[in-house]
file final.cif (mmCIF, C-alpha atoms and all ligand atoms)
data_upload
loop_
_atom_site.label_atom_id
_atom_site.label_comp_id
_atom_site.auth_asym_id
_atom_site.auth_seq_id
_atom_site.Cartn_x
_atom_site.Cartn_y
_atom_site.Cartn_z
CA MET A 576 0.00 0.00 0.00
CA ARG A 577 1.29 3.46 -0.90
CA LEU A 578 -0.24 6.44 0.86
CA ILE A 579 0.13 10.17 1.36
CA LEU A 580 -1.56 11.88 4.30
CA LEU A 581 -2.58 15.49 3.73
CA GLY A 582 -4.16 17.92 6.15
CA ALA A 583 -3.66 20.99 8.31
CA PRO A 584 -1.32 20.92 11.29
CA GLY A 585 -3.31 19.08 13.97
CA ALA A 586 -5.47 17.21 11.45
CA GLY A 587 -4.13 14.02 13.02
CA LYS A 588 -1.74 12.88 10.29
CA GLY A 589 0.95 11.68 12.68
CA THR A 590 -1.49 9.83 14.94
CA GLN A 591 -3.23 8.20 11.96
CA ALA A 592 0.10 7.32 10.34
CA LYS A 593 1.24 5.50 13.46
CA LEU A 594 -2.03 3.52 13.62
CA LEU A 595 -1.99 2.61 9.93
CA GLU A 596 1.69 1.72 9.95
CA LYS A 597 0.96 -1.07 12.45
CA GLN A 598 -1.87 -2.51 10.35
CA LEU A 599 -0.40 -2.11 6.90
CA HIS A 600 3.29 -2.74 7.70
CA VAL A 601 4.32 0.13 5.46
CA LYS A 602 7.33 2.44 5.86
CA HIS A 603 6.15 5.53 7.71
CA ILE A 604 8.06 8.57 6.53
CA SER A 605 7.28 11.60 8.69
CA MET A 606 9.01 14.76 7.50
CA GLY A 607 8.42 16.52 10.83
CA ASP A 608 9.94 13.59 12.78
CA ILE A 609 12.95 13.45 10.45
CA LEU A 610 13.60 17.18 10.86
CA ARG A 611 13.19 17.06 14.66
CA GLU A 612 15.57 14.09 14.86
CA GLU A 613 18.19 16.04 12.88
CA MET A 614 17.70 19.04 15.20
CA LYS A 615 17.96 16.86 18.29
CA ASN A 616 21.25 15.40 17.04
CA ASN A 617 22.45 18.87 16.08
CA THR A 618 23.57 17.73 12.62
CA ALA A 619 24.43 20.21 9.87
CA LEU A 620 20.99 19.60 8.39
CA GLY A 621 19.39 20.07 11.82
CA GLN A 622 21.13 23.43 12.24
CA GLU A 623 20.06 24.49 8.78
CA VAL A 624 16.35 23.77 9.28
CA LYS A 625 15.94 24.87 12.93
CA LYS A 626 15.00 28.48 12.24
CA TYR A 627 12.24 27.47 9.82
CA VAL A 628 10.77 24.73 11.98
CA GLU A 629 10.77 26.73 15.22
CA SER A 630 9.18 29.79 13.62
CA GLY A 631 6.46 27.72 11.91
CA GLY A 632 7.68 28.54 8.41
CA LEU A 633 8.49 25.99 5.71
CA VAL A 634 11.91 24.49 5.16
CA PRO A 635 13.03 25.21 1.55
CA ASP A 636 11.65 22.77 -1.03
CA GLU A 637 15.11 21.59 -2.24
CA VAL A 638 16.09 20.57 1.30
CA VAL A 639 13.01 18.46 2.08
CA THR A 640 12.78 16.98 -1.41
CA LYS A 641 16.41 15.82 -1.14
CA ILE A 642 15.55 14.09 2.15
CA ILE A 643 12.62 12.28 0.51
CA GLU A 644 14.71 11.30 -2.48
CA ASN A 645 17.28 9.74 -0.15
CA ARG A 646 14.61 7.87 1.81
CA PHE A 647 13.23 6.36 -1.37
CA GLN A 648 16.64 4.82 -2.07
CA ASP A 649 15.67 2.23 0.52
CA PRO A 650 14.87 -0.89 -1.54
CA SER A 651 12.48 -2.26 1.11
CA ILE A 652 9.98 0.48 0.20
CA ALA A 653 9.14 -1.35 -3.02
CA GLN A 654 8.30 -4.39 -0.92
CA ALA A 655 6.52 -2.79 2.04
CA GLY A 656 4.98 0.33 0.52
CA TYR A 657 5.11 3.76 2.13
CA LEU A 658 3.08 6.23 4.11
CA LEU A 659 4.16 9.84 3.63
CA ASP A 660 3.18 12.24 6.40
CA GLY A 661 4.08 15.94 6.11
CA PHE A 662 5.31 15.71 2.54
CA PRO A 663 4.44 17.16 0.06
CA ARG A 664 3.50 20.54 1.50
CA THR A 665 3.86 22.78 -1.57
CA ALA A 666 2.95 22.47 -5.27
CA LYS A 667 6.65 22.24 -6.13
CA GLN A 668 7.15 19.35 -3.68
CA ALA A 669 4.10 17.56 -5.13
CA GLU A 670 5.45 17.87 -8.67
CA ASP A 671 8.94 16.74 -7.69
CA LEU A 672 7.48 13.83 -5.75
CA ASP A 673 5.61 12.70 -8.86
CA VAL A 674 8.87 12.62 -10.79
CA ILE A 675 10.56 10.56 -8.06
CA LEU A 676 7.65 8.10 -7.74
CA THR A 677 7.40 7.66 -11.50
CA ARG A 678 11.13 7.01 -11.71
CA ILE A 679 11.03 4.27 -9.08
CA ASN A 680 7.69 3.01 -10.37
CA GLN A 681 5.93 3.28 -6.99
CA PRO A 682 2.83 5.40 -7.73
CA VAL A 683 0.62 6.39 -4.84
CA ASP A 684 -2.63 4.47 -4.22
CA TYR A 685 -4.38 7.17 -2.21
CA VAL A 686 -3.83 10.70 -1.08
CA VAL A 687 -5.87 10.82 2.11
CA TYR A 688 -7.00 14.35 2.84
CA MET A 689 -7.97 14.77 6.49
CA GLU A 690 -10.36 17.71 6.75
CA VAL A 691 -10.56 19.25 10.20
CA ASP A 692 -12.20 22.25 11.94
CA SER A 693 -9.92 25.06 13.06
CA GLU A 694 -11.08 24.99 16.73
CA VAL A 695 -10.17 21.30 16.84
CA VAL A 696 -6.72 22.08 15.45
CA ILE A 697 -5.93 24.67 18.13
CA GLN A 698 -7.23 22.42 20.91
CA ARG A 699 -5.21 19.45 19.68
CA LEU A 700 -1.95 21.30 19.10
CA THR A 701 -1.92 23.33 22.33
CA GLY A 702 -2.41 20.10 24.33
CA ARG A 703 -0.04 17.92 22.30
CA ARG A 704 2.92 16.22 23.96
CA VAL A 705 5.64 14.27 22.16
CA CYS A 706 8.07 11.63 23.41
CA ARG A 707 11.66 12.85 23.16
CA SER A 708 12.93 9.32 22.52
CA CYS A 709 10.42 7.58 20.24
CA ALA A 710 8.26 10.48 18.94
CA ALA A 711 5.04 8.85 20.20
CA LEU A 712 2.17 11.36 20.34
CA TYR A 713 -0.04 12.23 23.33
CA HIS A 714 -2.55 14.86 24.28
CA VAL A 715 -2.99 16.11 27.84
CA LYS A 716 -6.80 15.64 27.63
CA ASN A 717 -7.68 13.54 24.57
CA MET A 718 -4.87 10.96 24.79
CA PRO A 719 -2.99 11.29 28.08
CA SER A 720 -0.07 9.02 28.94
CA LYS A 721 -0.64 6.70 31.90
CA GLN A 722 1.94 8.54 33.96
CA GLU A 723 2.11 12.28 33.51
CA GLY A 724 5.12 13.39 31.46
CA ILE A 725 6.31 9.84 30.71
CA CYS A 726 5.91 7.85 27.49
CA ASP A 727 3.83 4.66 27.82
CA ALA A 728 5.82 2.95 25.09
CA CYS A 729 9.43 3.66 26.12
CA GLN A 730 9.39 5.61 29.42
CA GLY A 731 10.95 8.55 27.57
CA GLU A 732 10.31 12.14 28.62
CA LEU A 733 7.31 13.91 27.09
CA TYR A 734 7.76 17.49 25.96
CA GLN A 735 5.80 20.24 24.28
CA ARG A 736 7.13 21.18 20.85
CA PRO A 737 8.38 24.79 20.80
CA ASP A 738 6.23 25.41 17.71
CA ASP A 739 3.07 24.24 19.54
CA ASN A 740 2.37 27.63 21.09
CA GLU A 741 -0.68 29.65 19.96
CA GLU A 742 1.22 32.26 18.02
CA THR A 743 3.28 29.76 16.01
CA ILE A 744 0.25 27.52 15.52
CA ARG A 745 -1.58 30.44 13.87
CA LYS A 746 1.40 31.04 11.64
CA ARG A 747 1.53 27.33 10.67
CA ILE A 748 -2.18 27.36 9.83
CA ASN A 749 -1.67 30.38 7.58
CA VAL A 750 1.31 28.74 5.90
CA TYR A 751 -0.84 25.65 5.37
CA LEU A 752 -3.71 27.64 3.84
CA GLU A 753 -1.37 29.51 1.54
CA SER A 754 1.14 26.85 0.48
CA THR A 755 -0.41 23.44 1.05
CA THR A 756 -4.11 23.71 0.18
CA PRO A 757 -3.37 24.20 -3.56
CA ILE A 758 -2.06 20.63 -3.73
CA ILE A 759 -5.45 19.27 -2.63
CA ASP A 760 -6.81 20.37 -6.01
CA TYR A 761 -3.76 18.96 -7.75
CA TYR A 762 -4.51 15.47 -6.39
CA LYS A 763 -8.25 15.89 -6.90
CA LYS A 764 -7.59 16.42 -10.60
CA LYS A 765 -5.33 13.37 -10.71
CA GLY A 766 -8.15 11.32 -9.18
CA THR A 767 -6.19 9.95 -6.21
CA LEU A 768 -7.76 12.11 -3.49
CA LEU A 769 -9.75 10.46 -0.71
CA THR A 770 -11.33 13.05 1.59
CA VAL A 771 -12.11 11.97 5.16
CA ASP A 772 -13.30 13.67 8.34
CA GLY A 773 -10.26 14.45 10.49
CA ASN A 774 -12.46 15.49 13.43
CA THR A 775 -13.33 11.82 13.91
CA ASP A 776 -11.70 9.81 16.69
CA ALA A 777 -8.39 8.41 15.37
CA GLU A 778 -9.15 4.71 15.81
CA LYS A 779 -12.58 5.05 14.25
CA LEU A 780 -11.06 6.85 11.29
CA ARG A 781 -8.41 4.15 10.94
CA ASP A 782 -11.15 1.50 10.76
CA GLU A 783 -13.04 3.52 8.16
CA LEU A 784 -9.90 3.80 6.05
CA LEU A 785 -9.10 0.10 6.34
CA THR A 786 -12.65 -0.72 5.23
CA ILE A 787 -12.24 1.45 2.14
CA PHE A 788 -8.85 -0.09 1.31
CA LYS A 789 -10.33 -3.57 1.63
CA GLU A 790 -13.39 -2.78 -0.47
CA ASP A 791 -11.10 -1.43 -3.17
CA GLY A 792 -9.08 -4.64 -3.04
CA LYS A 793 -5.96 -2.76 -1.99
CA ILE A 794 -5.21 -4.93 1.02
CA ASP A 795 -5.36 -8.64 1.60
CA THR A 796 -8.04 -9.21 4.25
CA SER A 797 -6.62 -12.58 5.25
CA LYS A 798 -3.39 -10.98 6.50
CA ASN A 799 -4.62 -7.66 7.87
CA LYS A 800 -7.06 -8.17 10.68
CA LYS A 801 -8.63 -5.12 12.26
P1 LIG B 901 2.49 19.76 11.85
O1 LIG B 901 1.86 18.94 10.76
O2 LIG B 901 1.95 19.49 13.20
O3 LIG B 901 2.55 21.22 11.55
P2 LIG B 901 5.14 18.57 11.30
O4 LIG B 901 5.80 17.83 12.40
O5 LIG B 901 4.64 17.84 10.14
O6 LIG B 901 4.01 19.43 12.01
O7 LIG B 901 6.14 19.72 10.77
C1 LIG B 901 6.79 20.60 11.64
C2 LIG B 901 7.55 21.66 10.86
O8 LIG B 901 8.57 21.03 10.05
C3 LIG B 901 6.75 22.51 9.89
O9 LIG B 901 6.12 23.59 10.53
C4 LIG B 901 7.85 22.95 8.91
O10 LIG B 901 8.64 23.98 9.45
C5 LIG B 901 8.73 21.73 8.81
N1 LIG B 901 8.31 20.84 7.69
C6 LIG B 901 7.77 19.60 7.83
N2 LIG B 901 7.48 19.06 6.62
C7 LIG B 901 7.85 20.00 5.69
C8 LIG B 901 7.81 20.06 4.27
N3 LIG B 901 7.30 19.06 3.53
N4 LIG B 901 8.25 21.18 3.67
C9 LIG B 901 8.76 22.19 4.37
N5 LIG B 901 8.82 22.21 5.71
C10 LIG B 901 8.38 21.13 6.37
ZN ZN B 902 8.54 7.02 23.77
#

call {"tool": "encode", "arguments": {"input": "final.cif", "output": "structure tokens"}}
result
Amino acid sequence: MRLILLGAPGAGKGTQAKLLEKQLHVKHISMGDILREEMKNNTALGQEVKKYVESGGLVPDEVVTKIIENRFQDPSIAQAGYLLDGFPRTAKQAEDLDVILTRINQPVDYVVYMEVDSEVVIQRLTGRRVCRSCAALYHVKNMPSKQEGICDACQGELYQRPDDNEETIRKRINVYLESTTPIIDYYKKKGTLLTVDGNTDAEKLRDELLTIFKEDGKIDTSKNKK
């Protein structure tokens, strides 16, 4: 299965990606996680992208597209499939991605567009917590960890992303409206867009998606139990 998740910040792409990854056994490629990992390790790339990520702006297209191109060198992607989360985010990235996917002959099955209300976005992002070690996602009210401040999966420390403050969230939403929404139309025209309700509870939405994939004959029901 080959998927792209599209949607505003806080639409639930990361949460949905992590749920689907388990069921579909695909390679989850999260651009935000990759960039935060580089920043955490203070690599040259991490230093280069920090100012964009922390201010809520976009990292230049060439930089993120290069990262994706490198990831697609991994031969196991052809076997497992992929789930792209946070890429593409601009028309240029979408066009360059098409070239890459055509070259490796791994065209996308669905672009899942998660539509979400703006009040939901603010509520989700201001309460979001992330594990420093494994990048698992939590929410102080909607999805709390069992022990406050500690990751259920790996006991790592939970933190609030510096870009998850109201001012930067507003900026990210504006950047999304300006730069990312045009690619929704791009995929609509190509006929790969699947629009779903991102306000829905994550597990319910996962089940809805799996049902659609099964009905379309995209996944083998004997191997993928709900
Ligand atoms: P969210 O979807 O919650 O806004 P992400 O973790 O996907 O957050 O991304 C965090 C930040 O990383 C973005 O605000 C942006 O600065 C940078 N980033 C992630 N993906 C891209 C991309 N495809 N193009 C440019 N910048 C990106
Ligand atoms: Zn963890």

call {"tool": "closest_residue", "arguments": {"input": "final.cif", "among": "A:Ile759, A:Val705, A:Leu733, A:Leu594", "to": "Leu784 (chain A)", "atoms": "all atoms listed in the file"}}
result
A:Leu594

call {"tool": "closest_atom_pairs", "arguments": {"input": "final.cif", "of": "chain A", "to": "ligand LIG 901 (chain B)", "cutoff": "7 Å", "atoms": "all atoms listed in the file", "output": "Markdown table"}}
result
| residue | atom | partner | partner_atom | distance |
| --- | --- | --- | --- | --- |
| A:Ala583 | CA | B:LIG901 | O1 | 6.4 |
| A:Pro584 | CA | B:LIG901 | O1 | 3.8 |
| A:Gly585 | CA | B:LIG901 | O2 | 5.3 |
| A:Ser605 | CA | B:LIG901 | O5 | 6.9 |
| A:Met606 | CA | B:LIG901 | N2 | 4.6 |
| A:Gly607 | CA | B:LIG901 | O4 | 3.3 |
| A:Asp608 | CA | B:LIG901 | O4 | 5.9 |
| A:Leu610 | CA | B:LIG901 | O8 | 6.4 |
| A:Tyr627 | CA | B:LIG901 | O10 | 5.0 |
| A:Val628 | CA | B:LIG901 | O10 | 3.4 |
| A:Glu629 | CA | B:LIG901 | O10 | 6.7 |
| A:Gly631 | CA | B:LIG901 | O9 | 4.4 |
| A:Gly632 | CA | B:LIG901 | O10 | 4.8 |
| A:Leu633 | CA | B:LIG901 | N5 | 3.8 |
| A:Val634 | CA | B:LIG901 | N5 | 3.9 |
| A:Pro635 | CA | B:LIG901 | C9 | 5.9 |
| A:Asp636 | CA | B:LIG901 | N4 | 6.0 |
| A:Val639 | CA | B:LIG901 | N4 | 5.7 |
| A:Asp660 | CA | B:LIG901 | O5 | 6.9 |
| A:Gly661 | CA | B:LIG901 | O5 | 4.5 |
| A:Phe662 | CA | B:LIG901 | N3 | 4.0 |
| A:Pro663 | CA | B:LIG901 | N3 | 4.9 |
| A:Arg664 | CA | B:LIG901 | N3 | 4.6 |
| A:Arg747 | CA | B:LIG901 | O9 | 5.9 |

call {"tool": "closest_residue", "arguments": {"input": "final.cif", "among": "A:Met614, A:Leu580, A:Ala619, A:Leu595", "to": "Met689 (chain A)", "atoms": "all atoms listed in the file"}}
result
A:Leu580

call {"tool": "closest_atom_pairs", "arguments": {"input": "final.cif", "of": "chain A", "to": "ligand ZN 902 (chain B)", "cutoff": "8 Å", "atoms": "only C-alpha atoms and all ligand atoms", "output": "CSV"}}
result
residue,atom,partner,partner_atom,distance
A:Val705,CA,B:ZN902,ZN,8.0
A:Cys706,CA,B:ZN902,ZN,4.6
A:Arg707,CA,B:ZN902,ZN,6.6
A:Ser708,CA,B:ZN902,ZN,5.1
A:Cys709,CA,B:ZN902,ZN,4.0
A:Ala710,CA,B:ZN902,ZN,5.9
A:Ala711,CA,B:ZN902,ZN,5.3
A:Ile725,CA,B:ZN902,ZN,7.8
A:Cys726,CA,B:ZN902,ZN,4.6
A:Asp727,CA,B:ZN902,ZN,6.6
A:Ala728,CA,B:ZN902,ZN,5.1
A:Cys729,CA,B:ZN902,ZN,4.2
A:Gln730,CA,B:ZN902,ZN,5.9
A:Gly731,CA,B:ZN902,ZN,4.8
A:Glu732,CA,B:ZN902,ZN,7.3
A:Leu733,CA,B:ZN902,ZN,7.7

call {"tool": "closest_residue", "arguments": {"input": "final.cif", "among": "A:Met576, A:Leu769, A:Leu712, A:Ala655", "to": "Thr590 (chain A)", "atoms": "all atoms listed in the file"}}
result
A:Leu712

call {"tool": "closest_residue", "arguments": {"input": "final.cif", "among": "A:Ile744, A:Leu599, A:Val683, A:Ile758", "to": "Gly582 (chain A)", "atoms": "only C-alpha atoms"}}
result
A:Ile758

call {"tool": "residues_around", "arguments": {"input": "final.cif", "residues": "Ala669 (chain A)", "least_positions_apart": "3", "cutoff": "12 Å", "atoms": "only C-alpha atoms", "output": "ChimeraX atom specification"}}
result
/A:579,581,636,639-640,643,659,661-666,672-676,683,686,754-762,765

call {"tool": "axis_aligned_box", "arguments": {"input": "final.cif", "around": "region 773-783 of chain A", "padding_each_side": "4 Å", "output": "lines of an AutoDock Vina configuration file"}}
result
center_x = -10.9
center_y = 8.5
center_z = 12.4
size_x = 12.9
size_y = 22.0
size_z = 16.5

call {"tool": "closest_residue", "arguments": {"input": "final.cif", "among": "A:Phe647, A:Glu790, A:Asp692, A:Glu596", "to": "Asp772 (chain A)", "atoms": "all atoms listed in the file"}}
result
A:Asp692

call {"tool": "atom_distance", "arguments": {"input": "final.cif", "atom1": "CA of Gly589 (chain A)", "atom2": "CA of Gly621 (chain A)"}}
result
20.3 Å

call {"tool": "residues_around", "arguments": {"input": "final.cif", "residues": "Phe788 (chain A)", "least_positions_apart": "3", "cutoff": "12 Å", "atoms": "only C-alpha atoms", "output": "list of chain:residue names"}}
result
A:Met576, A:Arg577, A:Leu578, A:Leu595, A:Gln598, A:Leu599, A:Asp684, A:Tyr685, A:Val687, A:Leu769, A:Arg781, A:Asp782, A:Glu783, A:Leu784, A:Leu785, A:Asp791, A:Gly792, A:Lys793, A:Ile794, A:Asp795, A:Thr796, A:Asn799

call {"tool": "atom_distance", "arguments": {"input": "final.cif", "atom1": "CA of Val691 (chain A)", "atom2": "CA of Asn774 (chain A)"}}
result
5.3 Å
